[in-house]
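Everything below concerns the one structure shown next.
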Amino acid sequence: MFITFEGIDGSGKSTQANFLKDKLTSDGHTVVLLREPGGTKISEKIRDLVLNHRDSLISPETEALLIASSRYQLVNDIILPKLNSDIIVICDRYIDSTIAYQGYGRGINISWLNEINKFSLTHANPDLTFLFDLKVIIFANNRIKKMMKLAIIFLPIVFALIWALFIGLRINKVETRDGKRKLINY
């Protein structure tokens, strides 16, 4: 079984993915927990390039291609072999994050994003996706408590924008995967 967790940063998806892994493991299942981008040696290097070098003026399309390459490497090196060995695979982020961040966030054509990711998705389409829909005010309040005073004005605006990206994903895609996506609404 292949399970993915999606949602904005701080929505609780990583925490819940870890809880699910622990529960399934305690029930006797073999489980691997992965993250995207990342999960393999080369994918972690791609993750670093994409997440930590935004000032390098990387184009949105290049960013999307790098993330798709990272995903393809992860699918072939880890996800497919684990699934073929009857190991449960849980992934913190997958294609829905690409659609939200690179599609709605960076303005890349979603059909093109689906096209460059089709090689990964053909072989590793999630059986179940949990999409965490956290209300902006709750999210901002939780995050503000952890941030410096200067961020108090800035964070709600940024998080509202990112939340809107995932709402676009929810409105446009949440019902399209044969009931395999579950919306976690706070």
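Residue numbering restarts at 1 for every chain of the structure tokens, chains are lettered A, B, ... in their displayed order, and ligands are numbered from 1 as they appear.
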Excluding Gln102 of chain A and residues on its chain fewer than 5 positions from it, collect all residues at most 8 Å away from it, counting only C-alpha atoms, and give them as a ChimeraX atom specification. /A:60,63-64,97,107-108
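Considering only C-alpha atoms, the residue among A:Ala124, A:Lys45, A:Asn109, A:Ser14 positioned nearest to Asp77 of chain A is A:Ala124.
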Determine, counting only C-alpha atoms, which protein, DNA and RNA residues have an atom within 6 Å of an atom of Pro126 of chain A; residues of the same chain fewer than 2 positions away are not included. Present the result as an MDAnalysis selection string. chainID A and resid 2:3 128
Which of these, A:Leu51, A:Ile116, A:Met1, A:Ile58, has the shortest distance to Pro37 of chain A once you count only C-alpha atoms?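 Between A:Leu51, A:Ile116, A:Met1, A:Ile58, the residue approaching Pro37 of chain A most closely is A:Leu51.
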Nearest residue to Cys91 of chain A from the set A:Leu24, A:Val32, A:Leu57, A:Ile8 (distances using only C-alpha atoms):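 Among the listed residues, the smallest separation from Cys91 of chain A belongs to A:Val32.
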